[in-house]
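Source file data_6.pdb; content: PDB, C-alpha atoms, pLDDT in the B column.
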ATOM      1  CA  MET A 526      11.127  24.366 -28.498  1.00 89.00           C
ATOM      2  CA  PRO A 527      11.389  22.108 -25.449  1.00 93.00           C
ATOM      3  CA  SER A 528      11.825  18.363 -25.892  1.00 95.00           C
ATOM      4  CA  CYS A 529       9.228  15.776 -24.895  1.00 95.00           C
ATOM      5  CA  ARG A 530      11.343  14.860 -21.881  1.00 93.00           C
ATOM      6  CA  GLU A 531      11.500  18.485 -20.719  1.00 94.00           C
ATOM      7  CA  VAL A 532       7.769  19.029 -21.200  1.00 94.00           C
ATOM      8  CA  THR A 533       6.683  15.895 -19.364  1.00 92.00           C
ATOM      9  CA  GLN A 534       9.141  16.566 -16.554  1.00 91.00           C
ATOM     10  CA  LYS A 535       7.851  20.114 -16.035  1.00 91.00           C
ATOM     11  CA  LEU A 536       4.242  18.930 -16.104  1.00 91.00           C
ATOM     12  CA  ALA A 537       4.837  15.989 -13.771  1.00 89.00           C
ATOM     13  CA  GLU A 538       6.732  18.107 -11.264  1.00 87.00           C
ATOM     14  CA  GLY A 539       4.024  20.784 -11.285  1.00 86.00           C
ATOM     15  CA  GLU A 540       6.442  23.441 -12.506  1.00 86.00           C
ATOM     16  CA  PHE A 541       4.378  24.626 -15.476  1.00 85.00           C
ATOM     17  CA  GLU A 542       2.746  27.547 -13.646  1.00 87.00           C
ATOM     18  CA  THR A 543       6.085  28.786 -12.291  1.00 90.00           C
ATOM     19  CA  LEU A 544       7.708  28.985 -15.733  1.00 91.00           C
ATOM     20  CA  PRO A 545       8.185  32.404 -17.351  1.00 93.00           C
ATOM     21  CA  TRP A 546       5.375  33.255 -19.784  1.00 94.00           C
ATOM     22  CA  HIS A 547       7.492  32.615 -22.911  1.00 94.00           C
ATOM     23  CA  HIS A 548       8.458  29.139 -21.653  1.00 94.00           C
ATOM     24  CA  ARG A 549       4.787  28.374 -20.901  1.00 94.00           C
ATOM     25  CA  MET A 550       3.950  29.445 -24.459  1.00 96.00           C
ATOM     26  CA  LEU A 551       6.599  27.084 -25.868  1.00 96.00           C
ATOM     27  CA  VAL A 552       5.268  24.223 -23.734  1.00 95.00           C
ATOM     28  CA  ARG A 553       1.713  24.940 -24.930  1.00 95.00           C
ATOM     29  CA  MET A 554       2.904  24.940 -28.546  1.00 97.00           C
ATOM     30  CA  HIS A 555       4.682  21.631 -27.974  1.00 96.00           C
ATOM     31  CA  LEU A 556       1.540  20.142 -26.399  1.00 96.00           C
ATOM     32  CA  ALA A 557      -0.526  21.298 -29.375  1.00 96.00           C
ATOM     33  CA  MET A 558       1.837  19.639 -31.851  1.00 97.00           C
ATOM     34  CA  CYS A 559       2.908  16.493 -29.979  1.00 96.00           C
ATOM     35  CA  GLU A 560       0.205  13.844 -29.659  1.00 96.00           C
ATOM     36  CA  HIS A 561       2.076  11.903 -26.985  1.00 95.00           C
ATOM     37  CA  CYS A 562       2.813  14.845 -24.703  1.00 95.00           C
ATOM     38  CA  GLY A 563      -0.734  16.120 -25.159  1.00 95.00           C
ATOM     39  CA  ARG A 564      -2.048  12.725 -24.099  1.00 94.00           C
ATOM     40  CA  PHE A 565       0.294  12.728 -21.093  1.00 94.00           C
ATOM     41  CA  ALA A 566      -0.937  16.185 -20.049  1.00 94.00           C
ATOM     42  CA  ARG A 567      -4.585  15.100 -20.317  1.00 93.00           C
ATOM     43  CA  GLN A 568      -3.920  11.923 -18.325  1.00 93.00           C
ATOM     44  CA  LEU A 569      -2.085  13.909 -15.670  1.00 91.00           C
ATOM     45  CA  GLY A 570      -5.068  16.258 -15.455  1.00 90.00           C
ATOM     46  CA  LEU A 571      -7.481  13.342 -15.087  1.00 90.00           C
ATOM     47  CA  ILE A 572      -5.356  11.780 -12.356  1.00 90.00           C
ATOM     48  CA  SER A 573      -5.166  15.088 -10.532  1.00 87.00           C
ATOM     49  CA  GLN A 574      -8.939  15.561 -10.801  1.00 87.00           C
ATOM     50  CA  ALA A 575      -9.577  11.999  -9.613  1.00 86.00           C
ATOM     51  CA  LEU A 576      -7.363  12.506  -6.579  1.00 84.00           C
ATOM     52  CA  ARG A 577      -9.158  15.752  -5.724  1.00 81.00           C
ATOM     53  CA  ASN A 578     -12.500  13.951  -6.030  1.00 78.00           C
ATOM     54  CA  ILE A 579     -11.329  11.183  -3.722  1.00 79.00           C
ATOM     55  CA  TRP A 580     -10.570  13.727  -1.045  1.00 73.00           C
ATOM     56  CA  THR A 581     -13.915  15.501  -1.463  1.00 72.00           C
ATOM     57  CA  GLY A 582     -15.761  12.191  -1.679  1.00 68.00           C
ATOM     58  CA  LYS A 583     -17.847  13.093  -4.730  1.00 72.00           C
ATOM     59  CA  PRO A 584     -17.126  12.930  -8.462  1.00 72.00           C
ATOM     60  CA  ALA A 585     -17.585  15.965 -10.663  1.00 74.00           C
ATOM     61  CA  PRO A 586     -20.935  16.075 -12.500  1.00 80.00           C
ATOM     62  CA  GLY A 587     -20.885  13.870 -15.581  1.00 85.00           C
ATOM     63  CA  THR A 588     -17.591  12.197 -14.683  1.00 84.00           C
ATOM     64  CA  LEU A 589     -19.055   8.747 -14.126  1.00 81.00           C
ATOM     65  CA  ASP A 590     -20.979   8.858 -17.400  1.00 85.00           C
ATOM     66  CA  ALA A 591     -17.853   9.951 -19.269  1.00 89.00           C
ATOM     67  CA  VAL A 592     -15.813   7.134 -17.732  1.00 86.00           C
ATOM     68  CA  LYS A 593     -18.504   4.590 -18.616  1.00 84.00           C
ATOM     69  CA  ARG A 594     -18.577   5.817 -22.234  1.00 88.00           C
ATOM     70  CA  ARG A 595     -14.783   5.613 -22.538  1.00 87.00           C
ATOM     71  CA  LEU A 596     -14.688   2.131 -21.041  1.00 83.00           C
ATOM     72  CA  LEU A 597     -17.422   0.885 -23.356  1.00 83.00           C
ATOM     73  CA  THR A 598     -15.667   2.398 -26.362  1.00 86.00           C
ATOM     74  CA  ARG A 599     -12.387   0.726 -25.434  1.00 81.00           C
ATOM     75  CA  LEU A 600     -14.079  -2.606 -24.741  1.00 81.00           C
ATOM     76  CA  ARG A 601     -15.774  -2.555 -28.139  1.00 84.00           C
ATOM     77  CA  LYS A 602     -12.372  -2.162 -29.815  1.00 81.00           C
ATOM     78  CA  VAL A 603     -11.000  -5.301 -28.130  1.00 61.00           C
TER      79      VAL A 603
END

Could you take the file, read its structure, and then write that structure out as structure tokens?
Amino acid sequence: MPSCREVTQKLAEGEFETLPWHHRMLVRMHLAMCEHCGRFARQLGLISQALRNIWTGKPAPGTLDAVKRRLLTRLRKV
């Protein structure tokens, strides 16, 4: 099983898709079991999506509502 450092490095460098299938499976298993790496992968996906939306000039449907809900939820916890 890969370590957290290995998983986050592969994800951040965009190497996940170039890994052999059995390594991708191990990374997926790690992401399913590790809360922190799973969170990192989701955040990386959101950043990637946001950057794509900046270049197209329009947010994906429902994105703004989802962001508003998350912000309100976080603000209520403070």

Take the PyMOL selection byres ((chain A and resi 557-565) around 10), run it mentally on this structure, and tell me the resulting residues as a VMD selection string.
chain A and resid 528 to 530 532 to 533 536 to 537 551 to 556 566 to 571

I need the chosen residues saved as a PDB file, keeping the file's coordinate frame, with C-alpha atoms.
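Output file part.pdb is given in full below:
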ATOM      1  CA  SER A 528      11.825  18.363 -25.892  1.00 95.00           C
ATOM      2  CA  CYS A 529       9.228  15.776 -24.895  1.00 95.00           C
ATOM      3  CA  ARG A 530      11.343  14.860 -21.881  1.00 93.00           C
ATOM      4  CA  VAL A 532       7.769  19.029 -21.200  1.00 94.00           C
ATOM      5  CA  THR A 533       6.683  15.895 -19.364  1.00 92.00           C
ATOM      6  CA  LEU A 536       4.242  18.930 -16.104  1.00 91.00           C
ATOM      7  CA  ALA A 537       4.837  15.989 -13.771  1.00 89.00           C
ATOM      8  CA  LEU A 551       6.599  27.084 -25.868  1.00 96.00           C
ATOM      9  CA  VAL A 552       5.268  24.223 -23.734  1.00 95.00           C
ATOM     10  CA  ARG A 553       1.713  24.940 -24.930  1.00 95.00           C
ATOM     11  CA  MET A 554       2.904  24.940 -28.546  1.00 97.00           C
ATOM     12  CA  HIS A 555       4.682  21.631 -27.974  1.00 96.00           C
ATOM     13  CA  LEU A 556       1.540  20.142 -26.399  1.00 96.00           C
ATOM     14  CA  ALA A 566      -0.937  16.185 -20.049  1.00 94.00           C
ATOM     15  CA  ARG A 567      -4.585  15.100 -20.317  1.00 93.00           C
ATOM     16  CA  GLN A 568      -3.920  11.923 -18.325  1.00 93.00           C
ATOM     17  CA  LEU A 569      -2.085  13.909 -15.670  1.00 91.00           C
ATOM     18  CA  GLY A 570      -5.068  16.258 -15.455  1.00 90.00           C
ATOM     19  CA  LEU A 571      -7.481  13.342 -15.087  1.00 90.00           C
TER      20      LEU A 571
END

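You will find CA of Glu540 in chain A at 19.9 Å from CA of Ala575 in chain A.
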
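With CA of Pro527 in chain A on one side and CA of Ser573 in chain A on the other, the separation reads 23.4 Å.
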